[in-house]
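Content type TSV, C-alpha atoms, from the file entry_16.tsv:
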```tsv
chain	number	residue	atom	x	y	z
A	1	MET	CA	-9.53	9.08	27.22
A	2	THR	CA	-13.25	9.85	26.98
A	3	ARG	CA	-15.41	8.83	24.04
A	4	GLU	CA	-15.71	12.48	23.03
A	5	GLU	CA	-11.92	12.88	23.05
A	6	ALA	CA	-11.49	9.73	20.97
A	7	VAL	CA	-13.98	10.92	18.35
A	8	GLY	CA	-12.08	14.20	18.07
A	9	GLN	CA	-8.73	12.46	17.55
A	10	GLY	CA	-9.50	10.00	14.76
A	11	PRO	CA	-10.90	6.48	14.47
A	12	LEU	CA	-7.79	4.82	15.92
A	13	ALA	CA	-7.51	7.09	18.97
A	14	GLY	CA	-6.20	5.12	21.94
A	15	LEU	CA	-4.40	2.52	19.81
A	16	LYS	CA	-0.74	2.23	20.83
A	17	VAL	CA	1.75	1.32	18.11
A	18	LEU	CA	5.43	0.55	18.73
A	19	GLU	CA	7.41	1.13	15.52
A	20	PHE	CA	10.98	-0.07	15.09
A	21	ALA	CA	12.40	2.51	12.68
A	22	GLY	CA	13.11	1.38	9.14
A	23	ILE	CA	12.65	2.71	5.63
A	24	GLY	CA	9.92	2.35	3.03
A	25	PRO	CA	6.66	0.52	3.78
A	26	GLY	CA	7.02	0.22	7.57
A	27	PRO	CA	7.28	3.97	8.20
A	28	HIS	CA	4.54	4.63	5.64
A	29	ALA	CA	2.18	2.25	7.44
A	30	ALA	CA	3.04	3.90	10.77
A	31	MET	CA	2.35	7.34	9.27
A	32	LEU	CA	-1.10	6.26	8.13
A	33	LEU	CA	-1.92	4.79	11.54
A	34	SER	CA	-0.81	8.02	13.18
A	35	ASP	CA	-2.88	10.12	10.77
A	36	LEU	CA	-5.93	8.10	11.81
A	37	GLY	CA	-5.34	8.73	15.50
A	38	ALA	CA	-3.02	6.00	16.78
A	39	ASP	CA	-0.29	6.88	19.25
A	40	VAL	CA	2.87	5.76	17.45
A	41	LEU	CA	6.09	5.54	19.44
A	42	ARG	CA	9.05	5.06	17.11
A	43	ILE	CA	12.23	3.38	18.32
A	44	ASP	CA	15.09	5.13	16.54
A	45	ARG	CA	18.69	4.06	16.24
A	46	GLU	CA	21.50	6.49	17.01
A	47	GLY	CA	22.01	8.67	13.93
A	48	GLY	CA	18.68	7.74	12.37
A	49	ASN	CA	17.98	5.38	9.48
A	50	GLY	CA	19.90	7.36	6.85
A	51	TRP	CA	16.71	8.42	5.06
A	52	PRO	CA	15.19	11.22	7.18
A	53	ASN	CA	11.77	12.11	5.79
A	54	PRO	CA	9.84	14.86	7.59
A	55	ILE	CA	6.60	13.95	5.81
A	56	VAL	CA	6.58	10.15	6.17
A	57	ASP	CA	7.96	10.47	9.72
A	58	ARG	CA	5.20	12.85	10.77
A	59	GLY	CA	2.95	12.47	13.78
A	60	ARG	CA	5.07	10.19	15.96
A	61	ALA	CA	6.82	10.38	19.27
A	62	GLY	CA	10.38	9.10	19.03
A	63	LYS	CA	13.01	7.68	21.35
A	64	VAL	CA	16.58	6.67	20.57
A	65	VAL	CA	17.19	3.19	21.96
A	66	ASP	CA	20.13	0.84	21.44
A	67	ILE	CA	18.11	-2.33	20.96
A	68	ARG	CA	21.31	-4.40	20.91
A	69	SER	CA	22.07	-3.55	24.54
A	70	PRO	CA	20.47	-5.31	27.52
A	71	GLU	CA	19.09	-1.97	28.71
A	72	GLY	CA	17.58	-1.22	25.31
A	73	ARG	CA	16.07	-4.68	25.07
A	74	ASP	CA	14.47	-4.31	28.50
A	75	TRP	CA	13.06	-0.93	27.54
A	76	CYS	CA	11.49	-2.42	24.40
A	77	LEU	CA	10.01	-5.29	26.41
A	78	GLN	CA	8.41	-2.79	28.74
A	79	ALA	CA	7.02	-0.82	25.79
A	80	ALA	CA	5.66	-3.99	24.17
A	81	ARG	CA	3.66	-4.77	27.31
A	82	LEU	CA	1.76	-1.51	26.75
A	83	ALA	CA	1.44	-1.70	22.97
A	84	ASP	CA	-1.41	-2.94	20.80
A	85	VAL	CA	0.70	-3.21	17.65
A	86	VAL	CA	4.38	-3.63	16.79
A	87	ILE	CA	5.75	-2.80	13.34
A	88	GLU	CA	9.18	-4.00	12.22
A	89	GLY	CA	10.80	-4.44	8.82
A	90	PHE	CA	14.07	-6.22	9.49
A	91	ARG	CA	15.31	-9.27	7.64
A	92	PRO	CA	13.81	-12.49	9.08
A	93	GLY	CA	15.58	-13.63	12.23
A	94	VAL	CA	17.05	-10.26	13.21
A	95	MET	CA	14.46	-9.49	15.89
A	96	GLU	CA	14.73	-13.04	17.21
A	97	ARG	CA	18.50	-12.67	17.62
A	98	LEU	CA	17.93	-9.41	19.49
A	99	GLY	CA	15.55	-11.13	21.88
A	100	LEU	CA	12.63	-9.06	20.55
A	101	GLY	CA	10.96	-11.56	18.24
A	102	PRO	CA	7.23	-12.32	18.33
A	103	GLU	CA	7.57	-15.29	20.68
A	104	VAL	CA	9.14	-13.03	23.28
A	105	LEU	CA	7.04	-9.89	22.82
A	106	CYS	CA	3.75	-11.74	22.37
A	107	GLY	CA	4.70	-13.82	25.40
A	108	GLU	CA	4.87	-10.58	27.36
A	109	ASN	CA	1.57	-9.33	25.89
A	110	GLU	CA	-0.84	-11.92	24.52
A	111	ARG	CA	-2.98	-9.19	22.91
A	112	LEU	CA	-0.09	-7.83	20.83
A	113	ILE	CA	-0.38	-7.67	17.03
A	114	TYR	CA	3.15	-8.18	15.70
A	115	GLY	CA	3.35	-6.72	12.18
A	116	ARG	CA	6.31	-7.80	10.04
A	117	ILE	CA	6.96	-6.32	6.61
A	118	THR	CA	9.58	-7.82	4.27
A	119	GLY	CA	10.06	-8.25	0.55
A	120	TRP	CA	10.18	-12.04	0.39
A	121	GLY	CA	8.30	-13.10	3.54
A	122	GLN	CA	9.40	-14.78	6.74
A	123	GLU	CA	10.26	-18.10	5.12
A	124	GLY	CA	11.06	-19.58	1.71
A	125	PRO	CA	14.27	-19.91	-0.34
A	126	LEU	CA	14.62	-16.13	-0.79
A	127	ALA	CA	13.73	-15.07	2.75
A	128	GLN	CA	17.33	-14.23	3.66
A	129	ARG	CA	18.23	-12.62	0.33
A	130	ALA	CA	18.58	-8.87	-0.12
A	131	GLY	CA	16.10	-7.25	-2.48
A	132	HIS	CA	14.31	-4.04	-3.37
A	133	ASP	CA	11.02	-2.99	-4.92
A	134	VAL	CA	12.14	-3.59	-8.51
A	135	ASN	CA	13.12	-7.16	-7.61
A	136	TYR	CA	9.86	-7.92	-5.83
A	137	ILE	CA	7.63	-6.71	-8.66
A	138	ALA	CA	9.91	-8.51	-11.15
A	139	LEU	CA	9.38	-11.84	-9.40
A	140	SER	CA	5.63	-11.21	-8.96
A	141	GLY	CA	4.89	-10.97	-12.69
A	142	ALA	CA	3.97	-7.29	-12.57
A	143	LEU	CA	7.11	-5.74	-14.05
A	144	ALA	CA	7.06	-7.88	-17.21
A	145	ALA	CA	3.80	-6.22	-18.27
A	146	MET	CA	5.06	-2.66	-17.90
A	147	GLY	CA	6.65	-0.67	-20.72
A	148	ARG	CA	6.85	-0.68	-24.48
A	149	PRO	CA	7.64	-3.71	-26.66
A	150	GLY	CA	11.33	-4.14	-27.40
A	151	GLU	CA	12.37	-1.82	-24.58
A	152	PRO	CA	13.38	-2.54	-20.97
A	153	ALA	CA	10.51	-2.64	-18.50
A	154	ALA	CA	9.32	0.73	-17.22
A	155	ILE	CA	10.06	1.17	-13.50
A	156	PRO	CA	6.93	2.54	-11.72
A	157	LEU	CA	8.76	4.23	-8.83
A	158	ASN	CA	8.32	1.97	-5.80
A	159	LEU	CA	4.59	2.54	-5.60
A	160	VAL	CA	3.60	-0.93	-6.78
A	161	GLY	CA	5.83	-3.00	-4.50
A	162	ASP	CA	6.82	-1.16	-1.33
A	163	PHE	CA	3.62	0.78	-0.85
A	164	GLY	CA	0.91	-1.00	-2.86
A	165	GLY	CA	1.93	-4.57	-2.09
A	166	GLY	CA	3.78	-3.66	1.12
A	167	SER	CA	2.45	-1.02	3.48
A	168	MET	CA	-1.17	-1.37	2.35
A	169	PHE	CA	-1.21	-5.13	2.91
A	170	LEU	CA	0.62	-4.72	6.21
A	171	LEU	CA	-2.14	-2.36	7.33
A	172	LEU	CA	-4.84	-4.72	6.07
A	173	GLY	CA	-3.30	-7.52	8.11
A	174	ILE	CA	-2.95	-5.37	11.24
A	175	LEU	CA	-6.54	-4.11	11.09
A	176	ALA	CA	-7.85	-7.62	10.40
A	177	ALA	CA	-5.90	-8.96	13.38
A	178	LEU	CA	-7.25	-6.16	15.59
A	179	TRP	CA	-10.80	-7.05	14.56
A	180	GLU	CA	-10.21	-10.75	15.26
A	181	ARG	CA	-8.74	-9.83	18.66
A	182	GLU	CA	-12.13	-8.42	19.62
A	183	ARG	CA	-13.46	-11.98	19.54
A	184	SER	CA	-10.49	-14.02	20.75
A	185	GLY	CA	-8.78	-11.54	23.05
A	186	LYS	CA	-5.46	-12.63	21.52
A	187	GLY	CA	-2.96	-11.02	19.19
A	188	GLN	CA	-1.05	-12.69	16.38
A	189	VAL	CA	1.80	-12.24	13.92
A	190	VAL	CA	1.16	-10.54	10.56
A	191	ASP	CA	3.62	-11.75	7.91
A	192	ALA	CA	3.27	-9.11	5.17
A	193	ALA	CA	5.47	-9.96	2.19
A	194	ILE	CA	5.61	-7.48	-0.67
A	195	ILE	CA	5.65	-10.29	-3.26
A	196	ASP	CA	2.40	-11.66	-1.77
A	197	GLY	CA	0.73	-8.26	-1.88
A	198	VAL	CA	1.75	-7.61	-5.49
A	199	ALA	CA	0.56	-11.10	-6.47
A	200	SER	CA	-2.83	-10.23	-4.98
A	201	MET	CA	-2.88	-6.90	-6.82
A	202	MET	CA	-2.25	-8.73	-10.11
A	203	THR	CA	-5.41	-10.84	-9.82
A	204	MET	CA	-7.52	-8.56	-12.03
A	205	PHE	CA	-5.02	-8.96	-14.85
A	206	THR	CA	-4.27	-12.65	-14.44
A	207	GLY	CA	-7.99	-13.30	-14.04
A	208	LEU	CA	-8.90	-11.60	-17.33
A	209	ALA	CA	-5.95	-12.82	-19.40
A	210	PRO	CA	-7.20	-16.42	-20.00
A	211	SER	CA	-10.47	-15.13	-21.49
A	212	GLY	CA	-8.68	-12.80	-23.86
A	213	ARG	CA	-10.34	-9.72	-22.37
A	214	LEU	CA	-6.92	-8.38	-21.36
A	215	SER	CA	-3.40	-9.19	-22.46
A	216	LEU	CA	-0.25	-8.91	-20.37
A	217	ASP	CA	1.87	-8.86	-23.54
A	218	ARG	CA	3.29	-5.35	-23.82
A	219	ALA	CA	2.40	-5.15	-27.52
A	220	ASP	CA	-1.29	-5.75	-26.78
A	221	ASN	CA	-1.72	-4.63	-23.18
A	222	LEU	CA	-4.78	-2.36	-23.19
A	223	LEU	CA	-3.91	-0.83	-19.82
A	224	GLY	CA	-0.14	-0.83	-20.26
A	225	GLY	CA	0.25	1.78	-22.99
A	226	ALA	CA	-0.25	-0.32	-26.13
A	227	ALA	CA	-3.67	1.19	-26.83
A	228	PRO	CA	-3.45	4.65	-28.43
A	229	PHE	CA	-6.39	5.78	-26.28
A	230	TYR	CA	-4.82	4.76	-22.95
A	231	ARG	CA	-1.40	6.38	-22.69
A	232	THR	CA	0.30	9.77	-22.56
A	233	TYR	CA	1.39	12.12	-25.35
A	234	LEU	CA	4.02	14.85	-25.53
A	235	CYS	CA	2.85	18.41	-26.11
A	236	SER	CA	4.60	21.30	-27.82
A	237	ASP	CA	6.01	22.67	-24.55
A	238	GLY	CA	7.45	19.33	-23.47
A	239	GLY	CA	4.58	18.70	-21.07
A	240	GLU	CA	2.43	15.59	-21.29
A	241	ILE	CA	-1.27	14.89	-21.52
A	242	SER	CA	-2.91	11.67	-20.32
A	243	VAL	CA	-5.71	10.08	-22.32
A	244	GLY	CA	-7.87	7.26	-21.01
A	245	PRO	CA	-11.26	7.06	-22.79
A	246	LEU	CA	-11.66	3.29	-22.71
A	247	GLU	CA	-15.42	3.41	-23.30
A	248	PRO	CA	-16.59	4.21	-26.87
A	249	ALA	CA	-18.75	7.15	-25.76
A	250	PHE	CA	-15.80	8.77	-23.99
A	251	PHE	CA	-13.51	8.03	-26.94
A	252	ARG	CA	-15.96	9.71	-29.31
A	253	SER	CA	-16.04	12.75	-27.05
A	254	MET	CA	-12.26	13.01	-27.21
A	255	MET	CA	-12.06	12.58	-30.96
A	256	ASP	CA	-14.86	15.08	-31.61
A	257	ARG	CA	-13.05	17.76	-29.60
A	258	LEU	CA	-9.83	17.01	-31.45
A	259	GLY	CA	-11.56	17.24	-34.83
A	260	LEU	CA	-10.68	13.63	-35.58
A	261	SER	CA	-14.15	12.06	-35.77
A	262	GLU	CA	-13.16	10.03	-38.82
A	263	TRP	CA	-10.96	7.91	-36.53
A	264	VAL	CA	-13.71	6.94	-34.08
A	265	SER	CA	-14.18	3.52	-35.74
A	266	ALA	CA	-10.50	2.70	-35.16
A	267	GLN	CA	-10.75	2.51	-31.37
A	268	TYR	CA	-10.81	-1.27	-31.01
A	269	ASP	CA	-9.48	-2.12	-34.47
A	270	THR	CA	-5.95	-3.11	-33.50
A	271	SER	CA	-4.85	-3.15	-37.14
A	272	ARG	CA	-5.34	0.65	-37.14
A	273	TRP	CA	-3.70	1.37	-33.78
A	274	GLY	CA	-0.40	2.34	-35.38
A	275	GLY	CA	-2.04	4.96	-37.56
A	276	LEU	CA	-4.24	6.22	-34.73
A	277	THR	CA	-1.23	6.59	-32.43
A	278	GLY	CA	0.58	8.63	-35.04
A	279	VAL	CA	-2.37	10.94	-35.61
A	280	LEU	CA	-2.89	11.54	-31.89
A	281	ALA	CA	0.83	12.09	-31.27
A	282	ALA	CA	1.01	14.66	-34.08
A	283	THR	CA	-2.15	16.40	-32.89
A	284	PHE	CA	-1.12	16.76	-29.24
A	285	ALA	CA	2.35	17.93	-30.31
A	286	ARG	CA	0.87	21.06	-31.92
A	287	TRP	CA	-0.06	22.88	-28.71
A	288	PRO	CA	1.20	23.10	-25.10
A	289	ARG	CA	-0.15	20.91	-22.33
A	290	ASP	CA	-2.36	23.53	-20.72
A	291	HIS	CA	-4.07	24.27	-24.06
A	292	TRP	CA	-5.28	20.69	-24.15
A	293	ALA	CA	-6.25	20.71	-20.49
A	294	ALA	CA	-8.44	23.76	-21.15
A	295	LEU	CA	-9.95	22.23	-24.28
A	296	PHE	CA	-11.14	19.15	-22.41
A	297	GLU	CA	-12.27	20.99	-19.26
A	298	GLY	CA	-15.78	19.86	-18.30
A	299	SER	CA	-15.85	16.90	-20.70
A	300	ASP	CA	-16.06	13.14	-20.14
A	301	ALA	CA	-13.26	12.52	-22.64
A	302	CYS	CA	-10.90	11.33	-19.86
A	303	VAL	CA	-8.11	13.70	-20.92
A	304	PHE	CA	-6.10	15.38	-18.16
A	305	PRO	CA	-2.69	17.02	-17.81
A	306	VAL	CA	0.25	15.09	-16.38
A	307	LEU	CA	1.12	17.24	-13.37
A	308	THR	CA	4.46	17.33	-11.62
A	309	ALA	CA	4.70	16.82	-7.86
A	310	GLN	CA	5.28	20.57	-7.53
A	311	GLU	CA	2.06	21.40	-9.41
A	312	VAL	CA	-0.50	19.08	-7.85
A	313	ALA	CA	-1.39	21.15	-4.78
A	314	ASP	CA	-2.48	24.08	-6.95
A	315	HIS	CA	-4.88	22.09	-9.11
A	316	PRO	CA	-8.47	23.32	-8.49
A	317	HIS	CA	-9.75	19.84	-7.60
A	318	HIS	CA	-7.04	19.23	-5.01
A	319	ALA	CA	-7.51	22.75	-3.66
A	320	ALA	CA	-11.28	22.27	-3.30
A	321	ARG	CA	-10.79	19.03	-1.38
A	322	ALA	CA	-7.78	20.28	0.59
A	323	SER	CA	-5.94	17.19	-0.61
A	324	TYR	CA	-2.63	18.86	0.22
A	325	ILE	CA	-2.01	20.91	3.34
A	326	GLU	CA	0.91	22.85	4.71
A	327	HIS	CA	2.28	21.40	7.93
A	328	ASP	CA	5.55	22.33	9.63
A	329	GLY	CA	6.42	24.47	6.61
A	330	LEU	CA	6.01	21.60	4.12
A	331	MET	CA	3.23	21.02	1.60
A	332	GLN	CA	2.14	17.40	2.01
A	333	ALA	CA	-0.71	15.01	1.34
A	334	ALA	CA	-3.58	15.25	3.78
A	335	PRO	CA	-4.57	12.12	5.74
A	336	ALA	CA	-6.39	9.52	3.69
A	337	PRO	CA	-8.85	7.89	3.45
A	338	ARG	CA	-11.41	10.40	4.72
A	339	LEU	CA	-13.77	9.35	7.47
A	340	VAL	CA	-16.73	11.69	7.77
A	341	ARG	CA	-17.45	11.34	11.50
A	342	THR	CA	-13.94	10.69	12.84
A	343	PRO	CA	-11.54	12.23	10.32
A	344	GLY	CA	-7.80	11.80	10.56
A	345	ARG	CA	-5.33	14.63	10.95
A	346	ILE	CA	-1.59	15.23	10.96
A	347	ARG	CA	-0.37	15.19	14.54
A	348	SER	CA	1.61	18.13	15.90
A	349	SER	CA	4.76	18.13	18.04
A	350	GLY	CA	2.52	18.84	21.02
A	351	ASP	CA	0.63	15.64	20.24
A	352	ALA	CA	3.96	13.79	20.35
A	353	ASP	CA	4.56	15.10	23.86
A	354	ARG	CA	1.13	13.88	24.92
A	355	MET	CA	1.83	10.50	23.34
A	356	ILE	CA	4.84	10.10	25.60
A	357	GLU	CA	2.57	10.90	28.55
A	358	ARG	CA	0.15	8.17	27.46
A	359	TRP	CA	3.06	5.71	27.48
A	360	HIS	CA	3.50	7.05	31.02
A	361	THR	CA	5.06	4.00	32.64
A	362	LEU	CA	8.11	4.19	30.39
A	363	ALA	CA	11.23	5.96	31.55
```
Please go through the file and, once you have read it, give me the structure as structure tokens.
Amino acid sequence: MTREEAVGQGPLAGLKVLEFAGIGPGPHAAMLLSDLGADVLRIDREGGNGWPNPIVDRGRAGKVVDIRSPEGRDWCLQAARLADVVIEGFRPGVMERLGLGPEVLCGENERLIYGRITGWGQEGPLAQRAGHDVNYIALSGALAAMGRPGEPAAIPLNLVGDFGGGSMFLLLGILAALWERERSGKGQVVDAAIIDGVASMMTMFTGLAPSGRLSLDRADNLLGGAAPFYRTYLCSDGGEISVGPLEPAFFRSMMDRLGLSEWVSAQYDTSRWGGLTGVLAATFARWPRDHWAALFEGSDACVFPVLTAQEVADHPHHAARASYIEHDGLMQAAPAPRLVRTPGRIRSSGDADRMIERWHTLA
């Protein structure tokens, strides 16, 4: 591949990634690597993983391999000799029992970055326990701060654990290991545990809590919905509006447009938060969501509509940035982040064929 070809195919053009199919953060990480130009060859099991996802699974070449058979194991060993990165998300010890653990694969290829993503990590008392996103964020201290007082914790999809603390930290580890390999010439194992990633993401909150600048108590959590100026409100049509004017100047802008200037002094007077919440709830309930979106258009009041997943692509800001694009008949998020000189792109089926050619020594 020439330098010109690499520039035209994304910043990771030429990087070979061997992905052992899973669900959740592993495939998401592989999707992002593919979007940025890496050649990702996914090892599928017969019948798939039970969660086919044409968006998250985009941009890869795939091959069905029985990794439990001697022939499948040998094929994977051959692929690992050519790879720069391996991604797997099995429970600790599974790959070792299959003869495809890091000692074996890295022994075949000393430059290999072996990325492992799990909920609990590769060791520790919980390493062999089953778990899911809600469990990981529960044990990381994040879930306790989410929701309203006296109610069960609010479940934030699996964005916080699987993808925030999982795939993003897996990618950080892989890219850091690739950078270090430039100096040492050697690969290494990346142990990405979702609970570790979420713990790292919580540092802003745990760092501010001792000073009193921020509380993790749901009744006083400024960023968790306790503040009447940082939450959502129902509108007359059942839609919702989000308000987030944390700064006094932005709060004044919101209250002026609502005709509620007499409440400006209540912003950080917690004794008045109950009354302020009631006034704002009653005000927003008078008109439909889009009325309020139009009222605050062009302002710094930090008031925006709560859009559904079906609505986002049509929003003028997303449309102007082409944040969502149609690919293979599906509207989906464009590659992110955006690199100005070597932008990413969603790979086509023709690219997948060429990926197989670049893994040309494989049968």
Please determine, counting all atoms listed in the file, which residue among A:Asp314, A:Glu326, A:Asp84, A:Asp66 has the shortest atom-to-atom distance to A:Gln188. A:Asp84
Identify, on the basis of only C-alpha atoms, every residue whose closest approach to A:Gln122 does not exceed 9 Å; exclude the query and any residue fewer than 4 positions from it along the same chain; express the result as a list in words. Arg91, Pro92, Gly93, Arg116, Ile117, Thr118, Ala127, Gln128, Asp191, Ala192 and Ala193 of chain A
Resulting file, chosen residues, C-alpha atoms, as a PDB file, keeping the file's coordinate frame:
```pdb
ATOM      1  CA  ARG A  91      15.310  -9.270   7.640  1.00  0.00           C
ATOM      2  CA  PRO A  92      13.810 -12.490   9.080  1.00  0.00           C
ATOM      3  CA  GLY A  93      15.580 -13.630  12.230  1.00  0.00           C
ATOM      4  CA  ARG A 116       6.310  -7.800  10.040  1.00  0.00           C
ATOM      5  CA  ILE A 117       6.960  -6.320   6.610  1.00  0.00           C
ATOM      6  CA  THR A 118       9.580  -7.820   4.270  1.00  0.00           C
ATOM      7  CA  ALA A 127      13.730 -15.070   2.750  1.00  0.00           C
ATOM      8  CA  GLN A 128      17.330 -14.230   3.660  1.00  0.00           C
ATOM      9  CA  ASP A 191       3.620 -11.750   7.910  1.00  0.00           C
ATOM     10  CA  ALA A 192       3.270  -9.110   5.170  1.00  0.00           C
ATOM     11  CA  ALA A 193       5.470  -9.960   2.190  1.00  0.00           C
TER      12      ALA A 193
END
```
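Candidate residues A:Arg111, A:Leu260, A:Ala61, A:Phe284 were compared for distance to A:Arg181, and the nearest is A:Arg111, using only C-alpha atoms.
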Kindly indicate which residue among A:Ser253, A:Thr277, A:Gln9, A:Thr232 lies nearest to A:Asp300, using all atoms listed in the file for the distances. A:Ser253
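Between A:Leu105 and the candidates A:Arg73, A:Arg289, A:Arg272, A:Arg341, the tightest atom-to-atom separation, counting only C-alpha atoms, involves A:Arg73.
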If we count all atoms listed in the file and set the cut-off at 12 Å, which residues sit around A:Gly298, ignoring sequence neighbours fewer than 5 positions away in its own chain? Please answer as a PyMOL selection string. chain A and resi 253-254+257+293+303-304
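Remark: for A:Met168, the closest of the candidate residues A:Val340, A:Ala30, A:Val17, A:Leu223 is A:Ala30 (distances computed over all atoms listed in the file).
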Can you tell me which residues surround A:Gly224 at a distance of at most 9 Å, considering only C-alpha atoms, apart from same-chain residues fewer than 6 positions away, and format the answer as a PDB file with C-alpha atoms, in the coordinates of the input?
```
ATOM      1  CA  ALA A 145       3.800  -6.220 -18.270  1.00  0.00           C
ATOM      2  CA  MET A 146       5.060  -2.660 -17.900  1.00  0.00           C
ATOM      3  CA  GLY A 147       6.650  -0.670 -20.720  1.00  0.00           C
ATOM      4  CA  ARG A 148       6.850  -0.680 -24.480  1.00  0.00           C
ATOM      5  CA  LEU A 216      -0.250  -8.910 -20.370  1.00  0.00           C
ATOM      6  CA  ASP A 217       1.870  -8.860 -23.540  1.00  0.00           C
ATOM      7  CA  ARG A 218       3.290  -5.350 -23.820  1.00  0.00           C
ATOM      8  CA  TYR A 230      -4.820   4.760 -22.950  1.00  0.00           C
ATOM      9  CA  ARG A 231      -1.400   6.380 -22.690  1.00  0.00           C
TER      10      ARG A 231
END
```
May I ask for the distance between atom CA of A:Leu208 and atom CA of A:Leu246, given in Å to one decimal place? 16.1 Å
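We find atom CA of A:Val264 and atom CA of A:Phe205 to be spaced 26.4 Å apart.
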Fewer than 3 positions away in the same chain doesn't count, so skip those; otherwise give me all residues within 10 Å of A:Gly50, counting only C-alpha atoms, as a ChimeraX atom specification. /A:22-23,47,53
Writing C-alpha atoms and nothing else, produce stretch 4-33 of chain A as a compact mmCIF listing (two decimals), in the first residue's frame.
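As a result, part.txt now contains:
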```txt
# COMPACT_ATOMS: atom_id res chain seq x y z
CA GLU A 4 -1.14 8.07 -0.99
CA GLU A 5 -3.43 5.02 -0.75
CA ALA A 6 -3.08 4.96 3.03
CA VAL A 7 -4.00 8.65 3.34
CA GLY A 8 -7.11 8.01 1.26
CA GLN A 9 -8.23 5.09 3.43
CA GLY A 10 -8.07 6.55 6.93
CA PRO A 11 -5.43 6.99 9.63
CA LEU A 12 -5.28 3.28 10.49
CA ALA A 13 -4.92 2.05 6.90
CA GLY A 14 -2.69 -1.03 6.80
CA LEU A 15 -3.44 -2.06 10.40
CA LYS A 16 -4.65 -5.67 10.54
CA VAL A 17 -7.12 -6.57 13.29
CA LEU A 18 -8.30 -10.10 14.05
CA GLU A 19 -11.65 -9.97 15.87
CA PHE A 20 -13.15 -12.98 17.60
CA ALA A 21 -16.88 -12.30 17.29
CA GLY A 22 -18.75 -11.36 20.45
CA ILE A 23 -21.39 -8.86 21.50
CA GLY A 24 -21.26 -5.37 22.96
CA PRO A 25 -17.98 -3.51 23.44
CA GLY A 26 -15.70 -5.82 21.40
CA PRO A 27 -17.64 -5.43 18.14
CA HIS A 28 -18.09 -1.71 18.79
CA ALA A 29 -14.33 -1.26 19.18
CA ALA A 30 -13.75 -3.26 15.99
CA MET A 31 -16.29 -1.09 14.14
CA LEU A 32 -14.47 2.08 15.15
CA LEU A 33 -11.10 0.66 14.08
```
